[in-house]
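Shown below: run35.pdb, with PDB, C-alpha atoms.
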MODEL        1
ATOM      1  CA  MET A   1     143.437  73.502  58.569
ATOM      2  CA  LYS A   2     143.570  72.711  62.262
ATOM      3  CA  ILE A   3     142.956  75.508  64.776
ATOM      4  CA  ALA A   4     143.382  74.724  68.471
ATOM      5  CA  CYS A   5     141.241  76.789  70.845
ATOM      6  CA  LEU A   6     141.986  77.225  74.545
ATOM      7  CA  HIS A   7     138.852  77.952  76.575
ATOM      8  CA  THR A   8     138.076  78.415  80.257
ATOM      9  CA  ALA A   9     134.423  77.346  79.929
ATOM     10  CA  GLU A  10     132.881  74.382  78.092
ATOM     11  CA  SER A  11     129.964  76.583  77.044
ATOM     12  CA  ASN A  12     132.240  78.566  74.721
ATOM     13  CA  ILE A  13     132.837  75.552  72.473
ATOM     14  CA  PRO A  14     129.486  75.746  70.618
ATOM     15  CA  ILE A  15     129.937  79.507  70.260
ATOM     16  CA  TYR A  16     133.223  78.956  68.429
ATOM     17  CA  GLU A  17     131.755  76.127  66.368
ATOM     18  CA  ASP A  18     128.948  78.458  65.250
ATOM     19  CA  ALA A  19     131.543  81.063  64.232
ATOM     20  CA  ALA A  20     133.527  78.409  62.337
ATOM     21  CA  ARG A  21     130.456  77.393  60.348
ATOM     22  CA  GLU A  22     129.717  81.036  59.547
ATOM     23  CA  LEU A  23     133.241  81.373  58.159
ATOM     24  CA  GLY A  24     132.940  78.202  56.106
ATOM     25  CA  LEU A  25     135.483  76.157  58.037
ATOM     26  CA  PRO A  26     134.965  72.394  57.600
ATOM     27  CA  ALA A  27     133.661  70.256  60.448
ATOM     28  CA  GLY A  28     136.494  69.191  62.721
ATOM     29  CA  ALA A  29     138.732  72.158  61.889
ATOM     30  CA  LEU A  30     138.570  73.388  65.486
ATOM     31  CA  HIS A  31     140.121  71.395  68.309
ATOM     32  CA  HIS A  32     139.007  72.526  71.760
ATOM     33  CA  HIS A  33     140.902  72.397  75.043
ATOM     34  CA  VAL A  34     139.243  73.581  78.262
ATOM     35  CA  ARG A  35     141.158  74.719  81.341
ATOM     36  CA  ALA A  36     138.527  76.214  83.628
ATOM     37  CA  ASP A  37     140.961  75.987  86.532
ATOM     38  CA  LEU A  38     143.152  78.753  85.125
ATOM     39  CA  LEU A  39     140.359  81.333  85.266
ATOM     40  CA  LEU A  40     139.049  80.023  88.579
ATOM     41  CA  THR A  41     142.504  80.448  90.111
ATOM     42  CA  ALA A  42     142.798  83.982  88.730
ATOM     43  CA  GLU A  43     139.403  84.834  90.197
ATOM     44  CA  ARG A  44     140.374  83.382  93.565
ATOM     45  CA  LEU A  45     143.646  85.338  93.626
ATOM     46  CA  GLY A  46     142.076  88.554  92.373
ATOM     47  CA  GLY A  47     143.759  88.650  88.964
ATOM     48  CA  LEU A  48     146.384  87.218  86.685
ATOM     49  CA  THR A  49     149.645  86.130  88.331
ATOM     50  CA  THR A  50     153.033  85.204  86.895
ATOM     51  CA  ASP A  51     152.412  81.534  87.651
ATOM     52  CA  ILE A  52     149.041  81.520  85.874
ATOM     53  CA  THR A  53     150.526  83.355  82.891
ATOM     54  CA  THR A  54     153.378  80.860  82.668
ATOM     55  CA  GLU A  55     151.055  77.856  82.926
ATOM     56  CA  THR A  56     148.722  79.281  80.280
ATOM     57  CA  ALA A  57     151.637  79.909  77.919
ATOM     58  CA  HIS A  58     152.793  76.320  78.501
ATOM     59  CA  VAL A  59     149.351  75.015  77.504
ATOM     60  CA  LEU A  60     149.306  77.200  74.383
ATOM     61  CA  LEU A  61     152.724  75.919  73.312
ATOM     62  CA  HIS A  62     151.617  72.326  73.868
ATOM     63  CA  LEU A  63     148.573  72.908  71.657
ATOM     64  CA  ALA A  64     150.764  74.547  69.021
ATOM     65  CA  GLN A  65     152.659  71.304  68.488
ATOM     66  CA  GLU A  66     149.702  69.753  66.679
ATOM     67  CA  ALA A  67     147.907  72.720  65.128
ATOM     68  CA  ASP A  68     148.271  75.278  62.345
ATOM     69  CA  ALA A  69     147.236  78.083  64.707
ATOM     70  CA  VAL A  70     146.180  78.493  68.324
ATOM     71  CA  VAL A  71     143.471  80.813  69.640
ATOM     72  CA  LEU A  72     143.389  81.913  73.279
ATOM     73  CA  ASN A  73     139.797  82.609  74.165
ATOM     74  CA  CYS A  74     139.970  84.197  77.617
ATOM     75  CA  SER A  75     140.424  87.908  78.200
ATOM     76  CA  THR A  76     141.710  87.420  81.739
ATOM     77  CA  LEU A  77     144.482  85.100  80.521
ATOM     78  CA  GLY A  78     145.150  87.185  77.404
ATOM     79  CA  PRO A  79     148.682  88.392  78.261
ATOM     80  CA  ALA A  80     149.898  84.774  78.157
ATOM     81  CA  ALA A  81     149.420  84.780  74.385
ATOM     82  CA  SER A  82     152.288  87.246  73.967
ATOM     83  CA  LEU A  83     154.527  85.061  76.104
ATOM     84  CA  ALA A  84     153.732  81.985  74.020
ATOM     85  CA  ALA A  85     153.835  83.692  70.628
ATOM     86  CA  GLY A  86     157.582  84.257  70.714
ATOM     87  CA  LYS A  87     158.264  80.547  71.169
ATOM     88  CA  SER A  88     155.460  79.010  69.136
ATOM     89  CA  PRO A  89     156.056  77.320  65.758
ATOM     90  CA  VAL A  90     152.585  78.482  64.627
ATOM     91  CA  PRO A  91     150.565  81.713  65.037
ATOM     92  CA  VAL A  92     149.080  82.322  68.495
ATOM     93  CA  ILE A  93     145.974  84.492  68.315
ATOM     94  CA  ARG A  94     144.732  86.424  71.319
ATOM     95  CA  ALA A  95     141.005  86.782  70.696
ATOM     96  CA  ASP A  96     140.521  90.017  72.598
ATOM     97  CA  ASP A  97     143.570  91.579  70.927
ATOM     98  CA  ILE A  98     141.965  91.135  67.512
ATOM     99  CA  LEU A  99     138.656  92.360  68.911
ATOM    100  CA  ALA A 100     140.294  95.527  70.244
ATOM    101  CA  GLU A 101     141.937  96.295  66.906
ATOM    102  CA  ARG A 102     138.620  95.963  65.076
ATOM    103  CA  ALA A 103     136.574  97.843  67.673
ATOM    104  CA  VAL A 104     138.699 101.000  67.651
ATOM    105  CA  LYS A 105     138.937 101.336  63.872
ATOM    106  CA  ALA A 106     136.002 103.720  63.612
ATOM    107  CA  GLY A 107     137.319 105.886  66.455
ATOM    108  CA  SER A 108     134.765 107.808  68.511
ATOM    109  CA  LYS A 109     133.267 106.275  71.672
ATOM    110  CA  VAL A 110     133.868 102.561  72.288
ATOM    111  CA  ILE A 111     132.204 100.897  75.261
ATOM    112  CA  VAL A 112     133.655  97.519  76.202
ATOM    113  CA  LEU A 113     131.371  95.371  78.320
ATOM    114  CA  CYS A 114     132.844  92.782  80.702
ATOM    115  CA  THR A 115     131.205  90.264  82.993
ATOM    116  CA  VAL A 116     134.323  88.967  84.777
ATOM    117  CA  GLU A 117     136.002  91.362  87.196
ATOM    118  CA  THR A 118     139.491  89.892  86.644
ATOM    119  CA  THR A 119     139.393  90.927  83.000
ATOM    120  CA  ILE A 120     138.919  94.639  83.667
ATOM    121  CA  ASP A 121     142.625  95.504  83.953
ATOM    122  CA  PRO A 122     143.995  93.494  80.994
ATOM    123  CA  THR A 123     141.045  94.481  78.806
ATOM    124  CA  THR A 124     141.451  98.170  79.646
ATOM    125  CA  ARG A 125     145.177  98.097  78.844
ATOM    126  CA  LEU A 126     144.564  96.252  75.585
ATOM    127  CA  PHE A 127     141.830  98.543  74.279
ATOM    128  CA  GLU A 128     143.572 101.739  75.377
ATOM    129  CA  ASP A 129     146.749 100.656  73.583
ATOM    130  CA  ALA A 130     144.766  99.891  70.428
ATOM    131  CA  ALA A 131     142.968 103.237  70.681
ATOM    132  CA  LYS A 132     146.250 105.171  70.475
ATOM    133  CA  LYS A 133     146.229 104.527  66.716
ATOM    134  CA  THR A 134     142.738 105.885  66.094
ATOM    135  CA  GLY A 135     141.966 108.251  68.954
ATOM    136  CA  ALA A 136     138.969 106.213  70.072
ATOM    137  CA  ASP A 137     137.532 107.017  73.502
ATOM    138  CA  ILE A 138     137.557 103.782  75.548
ATOM    139  CA  ASP A 139     135.124 103.013  78.361
ATOM    140  CA  VAL A 140     135.495  99.539  79.898
ATOM    141  CA  ARG A 141     132.559  98.535  82.101
ATOM    142  CA  LEU A 142     131.771  95.617  84.379
ATOM    143  CA  ILE A 143     128.174  94.387  84.250
ATOM    144  CA  GLU A 144     127.604  93.983  87.967
ATOM    145  CA  GLY A 145     126.157  90.652  89.030
ATOM    146  CA  ALA A 146     126.297  89.089  85.562
ATOM    147  CA  TRP A 147     129.073  86.598  86.291
ATOM    148  CA  ALA A 148     127.293  85.314  89.380
ATOM    149  CA  LEU A 149     124.350  84.472  87.124
ATOM    150  CA  PHE A 150     126.655  82.648  84.712
ATOM    151  CA  ARG A 151     128.295  80.648  87.509
ATOM    152  CA  ALA A 152     124.843  79.751  88.852
ATOM    153  CA  GLY A 153     123.817  78.378  85.471
ATOM    154  CA  GLU A 154     121.224  81.100  84.908
ATOM    155  CA  GLN A 155     122.161  81.586  81.268
ATOM    156  CA  GLU A 156     119.072  83.473  80.125
ATOM    157  CA  ALA A 157     119.302  85.953  82.996
ATOM    158  CA  TYR A 158     123.020  86.341  82.254
ATOM    159  CA  LEU A 159     122.380  87.165  78.600
ATOM    160  CA  THR A 160     119.485  89.474  79.480
ATOM    161  CA  SER A 161     121.717  91.524  81.792
ATOM    162  CA  ILE A 162     124.210  91.900  78.933
ATOM    163  CA  ALA A 163     121.534  92.977  76.458
ATOM    164  CA  GLU A 164     120.315  95.582  78.944
ATOM    165  CA  ALA A 165     123.862  96.927  79.317
ATOM    166  CA  VAL A 166     124.105  97.258  75.529
ATOM    167  CA  GLY A 167     120.922  99.328  75.583
ATOM    168  CA  VAL A 168     122.437 101.647  78.169
ATOM    169  CA  ALA A 169     125.623 101.985  76.098
ATOM    170  CA  HIS A 170     123.592 102.829  73.019
ATOM    171  CA  ARG A 171     121.627 105.519  74.846
ATOM    172  CA  GLU A 172     124.895 106.997  76.119
ATOM    173  CA  GLY A 173     126.162 107.495  72.575
ATOM    174  CA  ALA A 174     128.530 104.575  72.010
ATOM    175  CA  LYS A 175     129.526 104.218  68.360
ATOM    176  CA  THR A 176     130.863 100.726  69.006
ATOM    177  CA  VAL A 177     130.152  98.187  71.731
ATOM    178  CA  ALA A 178     132.439  95.182  72.220
ATOM    179  CA  PHE A 179     131.868  92.063  74.317
ATOM    180  CA  ALA A 180     135.027  91.195  76.243
ATOM    181  CA  GLN A 181     134.050  87.537  76.810
ATOM    182  CA  ALA A 182     132.969  84.893  74.303
ATOM    183  CA  SER A 183     130.337  83.744  76.805
ATOM    184  CA  MET A 184     128.482  86.995  76.120
ATOM    185  CA  THR A 185     127.911  86.207  72.426
ATOM    186  CA  GLY A 186     124.483  84.650  72.996
ATOM    187  CA  ALA A 187     123.109  88.067  73.937
ATOM    188  CA  LEU A 188     123.196  88.992  70.245
ATOM    189  CA  ARG A 189     119.958  87.093  69.632
ATOM    190  CA  LEU A 190     118.269  89.357  72.184
ATOM    191  CA  LEU A 191     119.489  92.361  70.201
ATOM    192  CA  SER A 192     118.454  91.266  66.709
ATOM    193  CA  GLY A 193     116.302  94.345  66.197
ATOM    194  CA  SER A 194     118.748  96.780  67.777
ATOM    195  CA  ALA A 195     120.445  99.529  65.789
ATOM    196  CA  LEU A 196     123.688  98.820  67.642
ATOM    197  CA  GLN A 197     125.170  95.351  67.095
ATOM    198  CA  PRO A 198     128.073  94.584  69.461
ATOM    199  CA  MET A 199     131.343  93.128  68.219
ATOM    200  CA  THR A 200     132.333  89.710  69.559
ATOM    201  CA  GLY A 201     135.654  87.890  69.776
ATOM    202  CA  PRO A 202     135.052  84.383  68.315
ATOM    203  CA  LEU A 203     134.344  85.421  64.734
ATOM    204  CA  VAL A 204     137.183  87.942  64.442
ATOM    205  CA  ALA A 205     139.640  85.630  66.222
ATOM    206  CA  LEU A 206     138.967  82.747  63.844
ATOM    207  CA  GLU A 207     139.182  85.105  60.862
ATOM    208  CA  ALA A 208     142.591  86.247  62.112
ATOM    209  CA  ALA A 209     143.728  82.644  62.623
ATOM    210  CA  MET A 210     142.684  81.685  59.088
ATOM    211  CA  THR A 211     144.512  84.707  57.658
ATOM    212  CA  ALA A 212     147.650  83.943  59.689
ATOM    213  CA  VAL A 213     147.713  80.318  58.557
ATOM    214  CA  ALA A 214     147.230  81.303  54.915
ATOM    215  CA  ALA A 215     150.125  83.752  55.193
ATOM    216  CA  SER A 216     152.524  81.330  56.911
TER     217      SER A 216
ENDMDL
END
Would you mind giving the structure from this file in structure tokens?
Amino acid sequence: MKIACLHTAESNIPIYEDAARELGLPAGALHHHVRADLLLTAERLGGLTTDITTETAHVLLHLAQEADAVVLNCSTLGPAASLAAGKSPVPVIRADDILAERAVKAGSKVIVLCTVETTIDPTTRLFEDAAKKTGADIDVRLIEGAWALFRAGEQEAYLTSIAEAVGVAHREGAKTVAFAQASMTGALRLLSGSALQPMTGPLVALEAAMTAVAAS
């Protein structure tokens, strides 16, 4: 099985490799492609544009030519997955779409934590649409200042700010907390003793890809 993953940060590659090992995928099953420029352009322009969506879909379709499934691992670029899916010869998985479906299953209060401002709008639309099926109450929040820490290479401070936001969400009665970006996954180790374990995209996205390939 060959799963192609489109990332916008090199640091997300080991996160996906860890998830692959947890799922029992063999070494080399994931093939990674990084296009940091797509997210950087969206940030510079204040959000996703038609041109960025089209370019992202083009990249996904290119990756699909030599893979059994493709995973888009960027919540800001997420809508491009739908554009590519209709033309792709293999399944195209939008990581945050799968995350949203899983997060709302239990209903009740779902707090979605984001660190990138450009992902607020697409993430809110995605989770609110998913919540229509279960009646979950969606609260999408930006962790102020977190992304500046990430861009500055201050990884530990970045993860600490995320863990603190999870604590706030827990105290405010969230039944489920979801991390909108794969880059946030490392904060889980800071929450190992917490009663509330956030849901993350890499594991559920790869599970969905494996299921889609098996069914095709």
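Nearest-residue note for Phe179 in chain A: choosing from A:Ala4, A:Ala64, A:Ala100, A:Ala195, the minimum distance belongs to A:Ala100, counting only C-alpha atoms.
Here the PyMOL selection byres ((chain A and resi 36) around 10) captures the residues Leu6, His7, Thr8, Ala9, Glu10, His33, Val34, Arg35, Asp37, Leu38, Leu39, Leu40 and Thr41 of chain A.
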May I ask for the distance between CA of Thr211 in chain A and CA of Gly24 in chain A, given in Å to one decimal place?
13.4 Å
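Of the residues under consideration (A:His31, A:Trp147, A:Ala209, A:Thr200), A:Ala209 shows the shortest atom-to-atom contact distance to Arg94 in chain A when counting only C-alpha atoms.
Residue nearest Pro122 in chain A, chosen from A:Ser75, A:Gln65, A:Thr56, A:Ser11 and counting all atoms listed in the file: A:Ser75.
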Could you tell me, as a list in words, exactly which residues end up selected when the PyMOL selection byres ((chain A and resi 205) around 8) is applied to this structure?
Val71, Ile93, Arg94, Ala95, Asp96, Ile98, Leu99, Gly201, Pro202, Leu203, Val204, Leu206, Glu207, Ala208 and Ala209 of chain A
To verify the selection step, state as a VMD selection string which residues the PyMOL selection byres ((chain A and resi 48) around 12) yields on this input.
chain A and resid 38 to 47 49 to 56 74 to 80 117 to 123
Could you give me, as a PyMOL selection string, the residues that sit within 10 Å of (159.9, 81.6, 58.6) in the file's coordinates, counting all atoms listed in the file?
chain A and resi 89-90+216
Using C-alpha atoms, can you export the residues from the last selection as a compact mmCIF listing (two decimals), in the frame of the given file?
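See result_0.txt below for the written result:
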# COMPACT_ATOMS: atom_id res chain seq x y z
CA PRO A 89 156.06 77.32 65.76
CA VAL A 90 152.58 78.48 64.63
CA SER A 216 152.52 81.33 56.91
Please report the interatomic distance between CA of Lys133 in chain A and CA of Ser82 in chain A in Å with one decimal.
19.7 Å
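Proximity of A:Thr176, A:Thr124, A:Ser194, A:Gln155 to Leu142 in chain A, computed with only C-alpha atoms, is greatest for A:Thr124.
The two atoms in question, CA of Asn73 in chain A and CA of Val168 in chain A, are spaced 26.1 Å apart.
Comparing A:Gly173, A:Gly167, A:Gly107, A:Gly153 by their smallest distance to Gly193 in chain A, the closest is A:Gly167 (using only C-alpha atoms).
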Find, counting only C-alpha atoms, the residue in A:Ile111, A:Ala187, A:Ala146, A:Leu25 that gets nearest to Arg171 in chain A.
A:Ile111
Let me have the centre and edge lengths in Å, one decimal, of the box along x, y and z around every listed atom of range 46-57 of chain A with 6 Å of margin on each side, as AutoDock Vina command-line options.
--center_x 147.7 --center_y 83.3 --center_z 85.1 --size_x 23.3 --size_y 22.8 --size_z 26.5
Which residues are close to Thr160 in chain A, i.e. within 12 Å by only C-alpha atoms, leaving aside same-chain residues fewer than 3 positions away? Reply as a ChimeraX atom specification.
/A:143,145-146,149-150,154-157,163-167,184-191
Mind checking which residues fall within 7 Å of Asp68 in chain A, counting all atoms listed in the file, ignoring those fewer than 3 positions away in the same chain, and posting them as a count of residues only?
5
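Excluding Val112 in chain A itself and same-chain residues fewer than 6 positions from it, the residues having an atom within 6 Å of it are A:Val140, A:Val177, A:Ala178, counting all atoms listed in the file.
Taking all atoms listed in the file into account, those protein, DNA and RNA residues with any atom at most 10 Å away from (133.3, 76.7, 66.6) amount to A:Ile3, A:Cys5, A:Asn12, A:Ile13, A:Pro14, A:Ile15, A:Tyr16, A:Glu17, A:Asp18, A:Ala19, A:Ala20, A:Arg21, A:Glu22, A:Leu23, A:Leu25, A:Ala27, A:Gly28, A:Ala29, A:Leu30, A:His31, A:His32, A:Pro202, A:Leu203, A:Leu206.
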Would you kindly return, as a list in words, each protein, DNA or RNA residue with an atom no farther than 8 Å from any atom of Val104 in chain A, considering all atoms listed in the file and excluding same-chain residues fewer than 6 positions away?
Val110, Phe127, Ala130, Ala131, Thr134, Ala136 and Thr176 of chain A
